Structure formats: structure tokens, C-alpha cells
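Note: the block below is coords33.csv and it holds CSV, C-alpha atoms.
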chain,number,residue,atom,x,y,z
A,230,MET,CA,88.6,126.3,109.7
A,231,ILE,CA,90.5,123.8,111.9
A,232,LYS,CA,91.6,125.4,115.2
A,233,LYS,CA,92.0,122.4,117.6
A,234,VAL,CA,94.6,119.8,116.7
A,235,GLY,CA,95.6,116.6,118.4
A,236,ILE,CA,98.9,114.9,117.8
A,237,ILE,CA,99.5,111.2,118.7
A,238,GLY,CA,103.1,110.6,119.4
A,239,SER,CA,105.7,113.0,120.9
A,240,GLY,CA,108.7,111.9,118.9
A,241,THR,CA,110.6,114.1,116.5
A,242,MET,CA,107.9,113.9,113.9
A,243,GLY,CA,105.0,114.4,116.2
A,244,SER,CA,106.6,117.3,117.9
A,245,GLY,CA,107.6,118.9,114.6
A,246,ILE,CA,104.0,118.7,113.3
A,247,ALA,CA,102.8,120.2,116.6
A,248,GLN,CA,105.2,123.1,116.2
A,249,VAL,CA,103.9,123.7,112.6
A,250,ALA,CA,100.2,123.7,113.8
A,251,ALA,CA,100.9,125.9,116.8
A,252,THR,CA,102.9,128.4,114.8
A,253,ALA,CA,99.9,128.6,112.4
A,254,GLY,CA,97.7,129.6,115.4
A,255,CYS,CA,96.1,126.2,116.3
A,256,THR,CA,95.8,125.0,119.8
A,257,VAL,CA,97.5,121.7,120.0
A,258,LYS,CA,97.6,118.7,122.4
A,259,ILE,CA,100.4,116.2,122.1
A,260,TYR,CA,99.5,112.8,123.4
A,261,ASP,CA,102.0,110.1,124.5
A,262,THR,CA,101.8,107.2,126.9
A,263,SER,CA,105.2,108.0,128.3
A,264,ALA,CA,105.5,110.9,130.7
A,265,GLU,CA,109.2,111.0,130.1
A,266,ALA,CA,108.8,111.2,126.4
A,267,LEU,CA,106.4,114.2,126.8
A,268,GLU,CA,108.9,116.0,129.1
A,269,ASN,CA,111.7,115.3,126.6
A,270,ALA,CA,109.5,116.6,123.7
A,271,LYS,CA,108.6,119.8,125.7
A,272,ALA,CA,112.3,120.4,126.5
A,273,ALA,CA,113.4,119.8,122.9
A,274,LEU,CA,110.8,122.2,121.5
A,275,GLU,CA,111.7,124.9,123.9
A,276,LYS,CA,115.4,124.5,122.9
A,277,ILE,CA,114.5,124.6,119.2
A,278,LEU,CA,112.4,127.8,119.6
A,279,LEU,CA,115.2,129.4,121.8
A,280,ARG,CA,117.6,128.8,119.0
A,281,LEU,CA,115.3,130.5,116.5
A,282,VAL,CA,115.1,133.5,118.8
A,283,GLU,CA,118.9,133.6,119.0
A,284,LYS,CA,119.1,133.5,115.2
A,285,ALA,CA,116.5,136.3,115.0
A,286,ARG,CA,114.1,134.0,113.1
A,287,ILE,CA,111.4,134.8,115.7
A,288,ASP,CA,111.2,137.1,118.7
A,289,ALA,CA,110.6,136.1,122.3
A,290,SER,CA,106.9,136.9,122.2
A,291,GLU,CA,106.5,134.6,119.2
A,292,LYS,CA,108.3,131.8,121.1
A,293,THR,CA,105.9,132.4,124.1
A,294,ARG,CA,102.9,132.3,121.8
A,295,ILE,CA,103.9,129.1,120.1
A,296,LEU,CA,104.6,127.3,123.4
A,297,GLY,CA,101.4,128.6,124.9
A,298,ASN,CA,99.4,126.9,122.0
A,299,ILE,CA,100.7,123.5,123.0
A,300,ARG,CA,99.7,121.2,125.8
A,301,TYR,CA,101.1,117.7,126.7
A,302,VAL,CA,98.6,115.0,127.7
A,303,ASN,CA,98.9,111.3,128.6
A,304,SER,CA,95.3,110.2,127.9
A,305,LEU,CA,93.6,109.8,124.5
A,306,LYS,CA,90.4,111.1,126.1
A,307,ASP,CA,92.2,114.5,126.3
A,308,LEU,CA,92.0,114.8,122.5
A,309,SER,CA,88.2,114.5,122.6
A,310,ASP,CA,87.7,118.2,121.5
A,311,SER,CA,90.1,117.9,118.5
A,312,GLU,CA,88.9,118.8,115.1
A,313,LEU,CA,91.9,117.1,113.5
A,314,THR,CA,94.1,114.4,114.9
A,315,ILE,CA,97.4,113.3,113.3
A,316,GLU,CA,99.0,110.1,114.3
A,317,ALA,CA,102.8,110.0,114.2
A,318,ILE,CA,103.8,106.7,115.9
A,319,VAL,CA,105.5,103.5,115.0
A,320,GLU,CA,105.0,102.2,111.5
A,321,ASN,CA,103.0,99.2,112.5
A,322,LEU,CA,99.5,98.8,111.0
A,323,ASP,CA,98.0,96.8,113.9
A,324,ILE,CA,99.2,99.4,116.5
A,325,LYS,CA,97.8,102.3,114.4
A,326,LYS,CA,94.5,100.6,114.0
A,327,LYS,CA,94.2,99.9,117.7
A,328,VAL,CA,95.0,103.5,118.6
A,329,PHE,CA,92.5,104.9,116.0
A,330,GLN,CA,89.7,102.6,117.2
A,331,GLU,CA,90.1,103.9,120.7
A,332,LEU,CA,90.5,107.5,119.6
A,333,GLU,CA,87.3,107.3,117.5
A,334,SER,CA,85.3,106.5,120.7
A,335,TYR,CA,86.3,109.9,122.2
A,336,VAL,CA,86.3,112.4,119.4
A,337,ALA,CA,83.3,114.1,117.7
A,338,GLU,CA,81.8,112.5,114.5
A,339,ASP,CA,83.2,115.3,112.3
A,340,CYS,CA,86.8,115.1,113.7
A,341,ILE,CA,89.3,114.1,110.9
A,342,ILE,CA,91.5,111.2,111.9
A,343,ALA,CA,94.8,111.3,109.9
A,344,SER,CA,97.9,109.2,109.7
A,345,ASN,CA,101.4,110.4,109.1
A,346,THR,CA,102.5,107.0,107.8
A,347,SER,CA,105.1,107.1,105.0
A,348,SER,CA,104.1,103.8,103.3
A,349,LEU,CA,101.2,101.9,104.9
A,350,SER,CA,97.8,101.6,103.3
A,351,ILE,CA,95.5,104.4,104.3
A,352,ALA,CA,92.5,102.2,103.2
A,353,SER,CA,93.6,99.6,105.7
A,354,ILE,CA,93.9,102.1,108.5
A,355,ALA,CA,90.5,103.7,107.6
A,356,ALA,CA,88.9,100.2,107.6
A,357,SER,CA,89.5,100.0,111.4
A,358,LEU,CA,87.1,103.0,112.0
A,359,ARG,CA,83.3,103.0,112.2
A,360,GLN,CA,83.4,106.1,110.0
A,361,PRO,CA,86.2,105.4,107.6
A,362,GLU,CA,85.3,108.4,105.5
A,363,ARG,CA,86.9,110.7,108.1
A,364,CYS,CA,90.3,109.1,107.6
A,365,VAL,CA,93.1,110.4,105.4
A,366,GLY,CA,96.9,110.3,105.1
A,367,ILE,CA,98.8,113.5,105.9
A,368,HIS,CA,102.4,112.7,105.4
A,369,PHE,CA,105.0,115.3,106.6
A,370,PHE,CA,108.7,115.1,106.0
A,371,ASN,CA,111.4,115.4,108.6
A,372,PRO,CA,112.1,117.9,110.0
A,373,ALA,CA,108.4,119.0,109.7
A,374,PRO,CA,108.9,122.7,110.5
A,375,LEU,CA,111.5,123.1,107.7
A,376,MET,CA,110.4,120.8,104.9
A,377,GLN,CA,107.8,122.5,102.7
A,378,LEU,CA,106.0,119.5,101.3
A,379,VAL,CA,103.1,117.5,102.8
A,380,GLU,CA,101.6,114.6,100.9
A,381,VAL,CA,97.9,114.3,101.4
A,382,ILE,CA,96.6,110.8,100.6
A,383,PRO,CA,92.9,110.0,100.4
A,384,ALA,CA,91.8,106.4,100.9
A,385,ILE,CA,89.1,105.0,98.7
A,386,GLN,CA,86.8,105.6,101.7
A,387,THR,CA,87.8,109.2,102.3
A,388,SER,CA,85.1,111.7,101.8
A,389,GLU,CA,85.5,114.8,99.6
A,390,LYS,CA,84.9,117.0,102.6
A,391,THR,CA,87.6,115.3,104.6
A,392,LEU,CA,90.1,115.6,101.7
A,393,ASN,CA,89.2,119.3,101.0
A,394,THR,CA,89.4,120.3,104.7
A,395,SER,CA,92.7,118.5,105.1
A,396,VAL,CA,94.2,120.2,102.0
A,397,THR,CA,92.9,123.6,103.1
A,398,THR,CA,94.3,123.2,106.6
A,399,ILE,CA,97.8,122.2,105.5
A,400,LYS,CA,97.9,125.1,103.0
A,401,ASN,CA,96.9,127.4,105.9
A,402,TRP,CA,99.9,126.0,107.8
A,403,LYS,CA,102.0,127.4,104.9
A,404,LYS,CA,102.9,124.1,103.4
A,405,ILE,CA,102.9,122.9,99.8
A,406,VAL,CA,100.4,120.1,99.3
A,407,ALA,CA,100.9,117.2,96.9
A,408,ILE,CA,97.8,114.9,96.6
A,409,ALA,CA,98.8,111.3,96.1
A,410,LYS,CA,96.9,108.1,95.3
A,411,ASP,CA,96.9,105.5,98.1
A,412,THR,CA,99.6,103.3,96.7
A,413,PRO,CA,102.8,102.0,98.3
A,414,GLY,CA,105.3,104.7,99.1
A,415,PHE,CA,102.8,107.4,97.8
A,416,ILE,CA,104.9,109.8,95.7
A,417,VAL,CA,108.3,110.4,97.3
A,418,ASN,CA,109.1,107.0,98.8
A,419,ARG,CA,108.1,105.4,95.6
A,420,VAL,CA,109.8,107.7,93.0
A,421,ALA,CA,113.0,108.0,95.1
A,422,ARG,CA,113.7,104.2,95.3
A,423,PRO,CA,116.1,104.2,92.3
A,424,PHE,CA,118.3,106.9,93.9
A,425,TYR,CA,119.3,104.3,96.5
A,426,GLY,CA,118.6,101.1,94.6
A,427,GLU,CA,120.5,101.9,91.4
A,428,ALA,CA,123.4,103.4,93.3
A,429,LEU,CA,123.7,100.1,95.3
A,430,ARG,CA,123.4,98.1,92.1
A,431,ILE,CA,126.3,100.1,90.5
A,432,TYR,CA,128.4,99.5,93.5
A,433,GLU,CA,127.6,95.8,93.6
A,434,GLU,CA,128.6,95.5,89.9
A,435,GLY,CA,132.0,97.0,90.8
A,436,ILE,CA,131.7,100.0,88.6
A,437,ALA,CA,132.5,102.5,91.3
A,438,ASP,CA,132.9,102.8,95.1
A,439,PHE,CA,130.5,104.7,97.5
A,440,ALA,CA,132.4,108.0,97.3
A,441,THR,CA,132.7,108.0,93.5
A,442,ILE,CA,129.0,107.4,93.1
A,443,ASP,CA,128.1,110.1,95.6
A,444,HIS,CA,130.5,112.5,94.0
A,445,ALA,CA,128.9,111.8,90.6
A,446,MET,CA,125.4,112.6,91.8
A,447,LYS,CA,126.6,115.9,93.5
A,448,ASN,CA,129.1,117.0,90.9
A,449,SER,CA,127.2,116.0,87.7
A,450,GLY,CA,123.6,116.2,89.0
A,451,GLY,CA,123.7,119.0,91.6
A,452,PHE,CA,122.2,116.8,94.4
A,453,ARG,CA,122.9,118.1,97.9
A,454,MET,CA,123.8,114.6,99.1
A,455,GLY,CA,124.9,111.5,97.3
A,456,PRO,CA,122.8,108.3,97.8
A,457,PHE,CA,125.3,106.7,100.3
A,458,GLU,CA,125.6,109.8,102.3
A,459,LEU,CA,121.8,110.1,102.4
A,460,MET,CA,121.3,106.4,103.4
A,461,ASP,CA,123.8,106.9,106.2
A,462,PHE,CA,122.0,110.1,107.3
A,463,ILE,CA,118.6,108.3,107.2
A,464,GLY,CA,119.9,105.1,108.8
A,465,ASN,CA,120.6,102.0,106.8
A,466,ASP,CA,118.1,100.1,109.0
A,467,VAL,CA,115.3,102.6,108.3
A,468,ASN,CA,116.1,102.9,104.6
A,469,TYR,CA,116.3,99.2,104.1
A,470,THR,CA,113.0,98.6,105.9
A,471,VAL,CA,111.2,101.1,103.7
A,472,THR,CA,112.7,99.5,100.6
A,473,GLU,CA,111.7,96.1,101.7
A,474,THR,CA,108.2,97.3,102.6
A,475,VAL,CA,107.7,98.9,99.2
A,476,PHE,CA,109.1,95.8,97.4
A,477,GLU,CA,106.6,93.5,99.2
A,478,ALA,CA,103.7,95.9,98.7
A,479,PHE,CA,104.3,96.0,95.0
A,480,TYR,CA,104.1,92.2,94.8
A,481,TYR,CA,107.9,91.8,94.5
A,482,ASP,CA,108.2,94.0,91.4
A,483,PRO,CA,112.0,93.8,90.6
A,484,ARG,CA,112.1,97.6,90.2
A,485,TYR,CA,112.0,97.9,93.9
A,486,LYS,CA,114.2,94.9,94.8
A,487,PRO,CA,116.4,95.6,97.9
A,488,ALA,CA,120.2,95.2,97.8
A,489,PHE,CA,122.1,92.6,99.8
A,490,THR,CA,124.8,95.2,100.4
A,491,GLN,CA,122.4,97.4,102.4
A,492,LYS,CA,120.9,94.4,104.2
A,493,ARG,CA,124.3,93.2,105.3
A,494,PHE,CA,125.3,96.7,106.5
A,495,ALA,CA,122.1,96.9,108.5
A,496,GLU,CA,122.7,93.4,110.0
A,497,ALA,CA,126.2,94.4,110.9
A,498,GLY,CA,125.0,97.4,112.8
A,499,TYR,CA,126.7,99.8,110.2
A,500,LEU,CA,123.7,102.1,110.3
A,501,GLY,CA,125.4,105.4,109.4
A,502,ARG,CA,125.8,108.5,111.3
A,503,LYS,CA,123.9,107.3,114.4
A,504,SER,CA,126.2,104.3,114.8
A,505,GLY,CA,129.4,106.1,113.8
A,506,LYS,CA,129.9,103.8,110.8
A,507,GLY,CA,128.0,103.1,107.6
A,508,TYR,CA,129.1,103.4,104.1
A,509,TYR,CA,131.5,105.9,105.6
A,510,ASN,CA,133.2,106.3,109.0
A,511,TYR,CA,132.1,109.3,111.0
A,512,SER,CA,133.8,111.4,113.6
A,513,LYS,CA,132.2,112.3,116.9
A,514,ASP,CA,130.8,115.5,115.4
A,515,GLY,CA,129.1,113.6,112.6
A,516,ALA,CA,131.6,114.5,109.8
A,517,ILE,CA,132.5,111.9,107.2
A,518,VAL,CA,136.1,110.5,107.5
A,519,ILE,CA,137.1,110.0,103.9
A,520,GLN,CA,139.2,106.9,103.4
A,521,SER,CA,142.4,107.0,101.4
A,522,GLU,CA,141.2,104.4,98.9
A,523,THR,CA,138.1,106.4,97.7
A,524,LYS,CA,138.1,107.5,94.1
A,525,GLU,CA,136.3,110.8,94.0
A,526,SER,CA,138.7,111.9,91.2
A,527,GLN,CA,137.7,109.0,89.0
A,528,ASN,CA,137.3,110.3,85.4
A,529,ASN,CA,134.4,112.5,84.4
A,530,GLU,CA,133.2,110.1,81.8
A,531,ILE,CA,132.5,107.4,84.4
A,532,GLN,CA,130.9,109.9,86.7
A,533,GLN,CA,128.6,111.1,83.9
A,534,GLN,CA,127.6,107.5,83.1
A,535,ILE,CA,126.7,106.9,86.8
A,536,PHE,CA,124.7,110.1,86.9
A,537,ASN,CA,122.8,109.3,83.7
A,538,ARG,CA,122.0,105.8,84.8
A,539,ILE,CA,120.5,106.8,88.2
A,540,LEU,CA,118.8,109.9,86.7
A,541,VAL,CA,117.0,108.0,83.9
A,542,MET,CA,115.8,105.4,86.4
A,543,LEU,CA,114.4,108.2,88.6
A,544,ILE,CA,112.7,109.8,85.6
A,545,ASN,CA,111.3,106.4,84.5
A,546,GLU,CA,109.8,105.9,88.0
A,547,ALA,CA,108.3,109.4,88.0
A,548,ALA,CA,106.8,108.8,84.5
A,549,ASP,CA,105.3,105.6,85.6
A,550,ALA,CA,103.8,107.2,88.7
A,551,LEU,CA,102.1,109.7,86.4
A,552,PHE,CA,101.1,106.9,84.0
A,553,LEU,CA,99.3,105.1,86.8
A,554,ASN,CA,97.7,108.3,88.1
A,555,VAL,CA,99.5,108.3,91.5
A,556,ALA,CA,99.6,112.1,91.2
A,557,SER,CA,99.7,115.0,88.8
A,558,ALA,CA,102.9,115.9,86.9
A,559,GLU,CA,103.0,119.2,89.0
A,560,ASP,CA,102.6,117.3,92.3
A,561,ILE,CA,105.2,114.7,91.4
A,562,ASP,CA,107.8,117.3,90.6
A,563,ASN,CA,106.8,119.4,93.7
A,564,ALA,CA,107.1,116.3,95.8
A,565,MET,CA,110.7,115.6,94.7
A,566,THR,CA,112.0,119.2,94.9
A,567,LYS,CA,110.1,120.2,98.1
A,568,GLY,CA,110.0,116.8,99.9
A,569,VAL,CA,113.5,115.5,99.3
A,570,ASN,CA,115.3,118.6,97.9
A,571,TYR,CA,116.1,117.3,94.4
A,572,PRO,CA,117.7,120.0,92.3
A,573,LYS,CA,115.0,119.8,89.6
A,574,GLY,CA,111.7,118.1,89.2
A,575,LEU,CA,112.2,114.8,87.5
A,576,LEU,CA,109.6,115.3,84.8
A,577,ALA,CA,110.9,118.7,84.0
A,578,TRP,CA,114.4,117.1,83.9
A,579,ALA,CA,113.1,114.6,81.4
A,580,ASP,CA,111.8,117.5,79.2
A,581,GLU,CA,115.3,119.0,79.4
A,582,LYS,CA,117.2,115.8,78.5
A,583,GLY,CA,114.6,114.9,75.9
A,584,ILE,CA,112.0,112.2,76.2
A,585,ASP,CA,113.6,110.2,73.3
A,586,TRP,CA,116.9,110.3,75.3
A,587,CYS,CA,115.1,108.8,78.3
A,588,VAL,CA,113.7,106.0,76.2
A,589,GLN,CA,117.0,105.3,74.5
A,590,GLN,CA,118.8,105.1,77.9
A,591,MET,CA,116.2,102.7,79.4
A,592,ASP,CA,116.3,100.5,76.3
A,593,LYS,CA,120.1,100.4,76.5
A,594,LEU,CA,119.9,99.2,80.1
A,595,TYR,CA,117.3,96.6,79.3
A,596,ASN,CA,119.2,95.3,76.3
A,597,GLU,CA,122.3,94.9,78.4
A,598,TYR,CA,120.6,93.2,81.4
A,599,HIS,CA,117.3,91.8,80.1
A,600,GLU,CA,115.8,92.4,83.5
A,601,ASP,CA,112.3,93.7,84.1
A,602,ARG,CA,113.9,96.2,86.5
A,603,TYR,CA,114.9,98.2,83.4
A,604,ARG,CA,111.6,98.2,81.5
A,605,CYS,CA,110.7,101.6,80.1
A,606,SER,CA,107.5,103.3,81.2
A,607,PRO,CA,104.8,103.0,78.5
A,608,LEU,CA,104.1,106.7,79.0
A,609,LEU,CA,107.7,107.6,77.9
A,610,ARG,CA,107.3,105.5,74.7
A,611,LYS,CA,103.9,107.1,73.9
A,612,MET,CA,105.3,110.6,74.5
A,613,THR,CA,108.2,109.9,72.2
A,614,ARG,CA,105.8,108.7,69.4
A,615,GLU,CA,103.7,111.7,69.8
A,616,ASN,CA,106.6,114.1,70.3
A,617,LYS,CA,105.2,115.5,73.5
A,618,LYS,CA,106.7,116.9,76.7
A,619,PHE,CA,105.5,116.8,80.3
A,620,PHE,CA,105.3,120.6,80.5
A,621,ASN,CA,104.8,123.0,77.6
Once you've parsed the file, please lay out its structure as C-alpha cells.
Amino acid sequence: MIKKVGIIGSGTMGSGIAQVAATAGCTVKIYDTSAEALENAKAALEKILLRLVEKARIDASEKTRILGNIRYVNSLKDLSDSELTIEAIVENLDIKKKVFQELESYVAEDCIIASNTSSLSIASIAASLRQPERCVGIHFFNPAPLMQLVEVIPAIQTSEKTLNTSVTTIKNWKKIVAIAKDTPGFIVNRVARPFYGEALRIYEEGIADFATIDHAMKNSGGFRMGPFELMDFIGNDVNYTVTETVFEAFYYDPRYKPAFTQKRFAEAGYLGRKSGKGYYNYSKDGAIVIQSETKESQNNEIQQQIFNRILVMLINEAADALFLNVASAEDIDNAMTKGVNYPKGLLAWADEKGIDWCVQQMDKLYNEYHEDRYRCSPLLRKMTRENKKFFN
């Protein structure tokens, strides 16, 4: 059983993962090159745990126990006794490789070296190590202490022992594990692309404005946030970069094509909540200032059409991920409900709507646009012919 954990990077994600591991009883060392960043991380964690005490989620002794399990260090050598290290630094492949190569010279041969990357190739990262079989992707979602899902991504080099130990460890940390193939975006960042991309396309076609599209997804679909609210929350710069990365990684497959609207908003500095302006304007407390020209009350028929179009694109992407063995049907649905809080698993939703309905909707879009973006997954067609469902 893993008891000693090293975290590389003291930002929000690194600190969050450290909190999860420390809560589970592991001794944790957080490494960062910046002494100021370490102090900020320590202060932030103490504040978070104090708030949990005030809300009676934990007691004072639990707060003391968790904090006592964490040390802050400024040398990679200090992670030498780690049984598992998780990197949570900038999404730059060359930087990650450099850090891992140095780390490998300090840790024991059986230490697992993991990356929290959301989209980079685990095989490429593993290739930088002398023992690539010890490398694996362990992708948490933000905020790590609250989000239930963790994607575990074995590279083609990853040993069975490394994978099994990683999965067991994350489950011991009270998280839900979804095992994903080492493909761009893994499960969530691949399957979720149409939630943003198709919403942007609908806007660019002049069918509806931001507020109407968001309202349709919340009102008709039960999503907690609409796509434009969510992009503003994530940050248009961050979301656009992920979209661009996935698009390039899939050899410019038109299904993942970025939108000029989001590119221009990012270029203009309209990043969302953090800049005070994105697809919406924001007050100082982060609340959306609804503009008078928005059309949330636009008729229900248009809202239903918007919802159906985005939903079927999401279902099609989920079906294709299953078709290409990215993950199991159960893991794909768990990933979307537990990783990004979708109201239902997309494959279960497809069963509910009817697989034939999904095929008809995709064919309707393709016949209208004749773009490869709207090609129907072969798996949906096969299931329609065989009258099958994803779940019995």
C-alpha cells in the first residue's frame, strides 16, 4: 500500500491532490521551486481546512492531522523516499520530461512516477525515463478534494503492476477511477468537446445568443451550467488552448475544430470571470450581469432544437470513444457524470432517447451541412441494425 507521496507543483491542483492524499493517511511532500508559492499553498490549505471545521465537515483534530501529514520542500531530492510522485505543473511536454528525468535519479526503482496532465501523451512522458514502465497518467479534476473522478491512463510502456497499484491507491483515496486509453483528451476532455464546440457553432450561425443557448442546456437538459457560462468559468484562454491541442493531436479532425469566436474573445482578453468580461459581464463578486438584449425567453421549440443538437453530438462522441476502445461504457458515463457533473451518462442518455433517434439526428445534421464534423459513429449505426442498447 502506498503511504509516502510526492507532489510536484504547489498550485491549486497540486495542493488539492496533496490534501486528498493526506486526508487518506499518506505522508505527503509538496515540491516547488518557489518558496513564495509554497508559503501561499500552505496558507491556502490551512484556510480551506479551517472553513471545513467551521462548516462542521471535519473537526479541529482532523484538521491538525491532515496538516501534519504534509511537508513543503524546495528540492526534488526531498522526494527521494516517495513511493508515488504526481506531477501537477505547467502543460508543457518538454518541461515535464526534464523534471521527470531529474526526479528519476533520486527516487527508488519501484517508485511510480505519474503525471496529472489533462491532454498530453503519457507515452511521450514515459519515454523520457530510463524505466518507462513506472510511468502512468493520474488525472484529477479541479477542485481535486471535491471532484469524485480520477482518470488513470496507462501508456503503452506502463507495467501491469504500475497500473494496478495506481488504481488501488486512488480507490483507497475514496475516488472513482475511470481507466482511459492514452489518446488525446483521454475521456472527459475528448467527449466534452461538442458541449463547447457545437454551442459556439450554433452561435456563429446566428441561431441563438449566448444566454439562450445556456438556458436551453440548463432548462431542457438539466446541466448545472451552460456552455458559455462554463467556458467563462474555466477561462476562454484555457478552454481554447485545450480545444486547439485536441484538434492538432487528432490530426485536424474537423470534429474538434476550434471556433473563431472563442479565439477572438481570448485574443481580446475577454477571458471570463477572472477578467470580469467574457461571453457575459461579471460583477465584482463574480455574478453574471445579464444584458437586456439576451433572449432567455426565446420559444421552447428553438431551445429544444439547440439542446437536441448539442446532446446528440456529445452522445456521438461518447459512442465513438467506446467504438475506439478509449474506455468502457461504464467508465465513459462515470467520467462525464463524476468528472464534469453531467446530469446523466451520455451512453445511458442515448439508450433513453433511442439509438435510432441518435442516428437520425446525426444524419439530419450531415445531410444539411455535408461536413465530416457531423459523421455518425459506426457503433451507433451497428447498434441500430442489431437493435442493441449500451446498457441492458
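Taking only C-alpha atoms into account, Leu576 in chain A lies nearest to A:Asp549 out of the set A:Glu380, A:Asp601, A:Asp549, A:Glu433.
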Exercise: residues within 6 Å of coordinate (95.0, 110.0, 113.8), counting all atoms listed in the file, as an MDAnalysis selection string:
chainID A and resid 314:316 342:344
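The spacing separating CA of Gly451 in chain A from CA of Asp482 in chain A amounts to 29.4 Å.
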Using only C-alpha atoms, determine which residues lie at most 12 Å from Met565 in chain A, disregarding the query and same-chain residues fewer than 5 positions distant; provide the list as an MDAnalysis selection string.
chainID A and resid 370 376:380 405 407 415:422 424 452 543:544 546:547 558:560 570:578
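Using only C-alpha atoms, the smallest distance between any of A:Thr256, A:Asn303, A:Asn465, A:Thr391 and Tyr425 in chain A comes from A:Asn465.
Closest to Gly238 in chain A among A:Ala272, A:Gly414, A:Ala317, A:Leu281 is A:Ala317, based on all atoms listed in the file.
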Mind checking which residues fall within 9 Å of Arg604 in chain A, counting all atoms listed in the file, ignoring those fewer than 5 positions away in the same chain, and posting them as a VMD selection string?
chain A and resid 484 545 591 to 592 594 to 595 599
For a cut-off of 12 Å around (113.3, 116.5, 122.4), file coordinates, pick out all residues using only C-alpha atoms and list them as a PDB file with C-alpha atoms, in the coordinates of the input.
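Output (part12.pdb):
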ATOM      1  CA  SER A 239     105.700 113.000 120.900  1.00  0.00           C
ATOM      2  CA  GLY A 240     108.700 111.900 118.900  1.00  0.00           C
ATOM      3  CA  THR A 241     110.600 114.100 116.500  1.00  0.00           C
ATOM      4  CA  MET A 242     107.900 113.900 113.900  1.00  0.00           C
ATOM      5  CA  GLY A 243     105.000 114.400 116.200  1.00  0.00           C
ATOM      6  CA  SER A 244     106.600 117.300 117.900  1.00  0.00           C
ATOM      7  CA  GLY A 245     107.600 118.900 114.600  1.00  0.00           C
ATOM      8  CA  GLU A 265     109.200 111.000 130.100  1.00  0.00           C
ATOM      9  CA  ALA A 266     108.800 111.200 126.400  1.00  0.00           C
ATOM     10  CA  LEU A 267     106.400 114.200 126.800  1.00  0.00           C
ATOM     11  CA  GLU A 268     108.900 116.000 129.100  1.00  0.00           C
ATOM     12  CA  ASN A 269     111.700 115.300 126.600  1.00  0.00           C
ATOM     13  CA  ALA A 270     109.500 116.600 123.700  1.00  0.00           C
ATOM     14  CA  LYS A 271     108.600 119.800 125.700  1.00  0.00           C
ATOM     15  CA  ALA A 272     112.300 120.400 126.500  1.00  0.00           C
ATOM     16  CA  ALA A 273     113.400 119.800 122.900  1.00  0.00           C
ATOM     17  CA  LEU A 274     110.800 122.200 121.500  1.00  0.00           C
ATOM     18  CA  GLU A 275     111.700 124.900 123.900  1.00  0.00           C
ATOM     19  CA  LYS A 276     115.400 124.500 122.900  1.00  0.00           C
ATOM     20  CA  ILE A 277     114.500 124.600 119.200  1.00  0.00           C
ATOM     21  CA  LEU A 278     112.400 127.800 119.600  1.00  0.00           C
TER      22      LEU A 278
END
To one decimal in Å, tell me the separation between CA of Gln330 in chain A and CA of Arg359 in chain A.
8.1 Å
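One distance worth recording is that between CA of Ile287 in chain A and CA of Val406 in chain A, which is 24.6 Å.
Nearest-residue note for Tyr469 in chain A: choosing from A:Asn321, A:Thr252, A:Thr490, A:Thr293, the minimum distance belongs to A:Thr490, counting all atoms listed in the file.
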Name all residues at most 12 Å from Asn401 in chain A (count only C-alpha atoms; drop same-chain ones fewer than 2 positions away) and give them as a tab-separated table (two decimals) with C-alpha atoms, in the coordinates of the input.
chain	number	residue	atom	x	y	z
A	230	MET	CA	88.60	126.30	109.70
A	231	ILE	CA	90.50	123.80	111.90
A	232	LYS	CA	91.60	125.40	115.20
A	249	VAL	CA	103.90	123.70	112.60
A	250	ALA	CA	100.20	123.70	113.80
A	251	ALA	CA	100.90	125.90	116.80
A	252	THR	CA	102.90	128.40	114.80
A	253	ALA	CA	99.90	128.60	112.40
A	254	GLY	CA	97.70	129.60	115.40
A	255	CYS	CA	96.10	126.20	116.30
A	394	THR	CA	89.40	120.30	104.70
A	395	SER	CA	92.70	118.50	105.10
A	396	VAL	CA	94.20	120.20	102.00
A	397	THR	CA	92.90	123.60	103.10
A	398	THR	CA	94.30	123.20	106.60
A	399	ILE	CA	97.80	122.20	105.50
A	403	LYS	CA	102.00	127.40	104.90
A	404	LYS	CA	102.90	124.10	103.40
A	405	ILE	CA	102.90	122.90	99.80
A	406	VAL	CA	100.40	120.10	99.30
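Ranking A:Leu609, A:Ala445, A:Leu322, A:Ala440 by their shortest atom-to-atom distance to Asn345 in chain A, with all atoms listed in the file included, puts A:Leu322 first.
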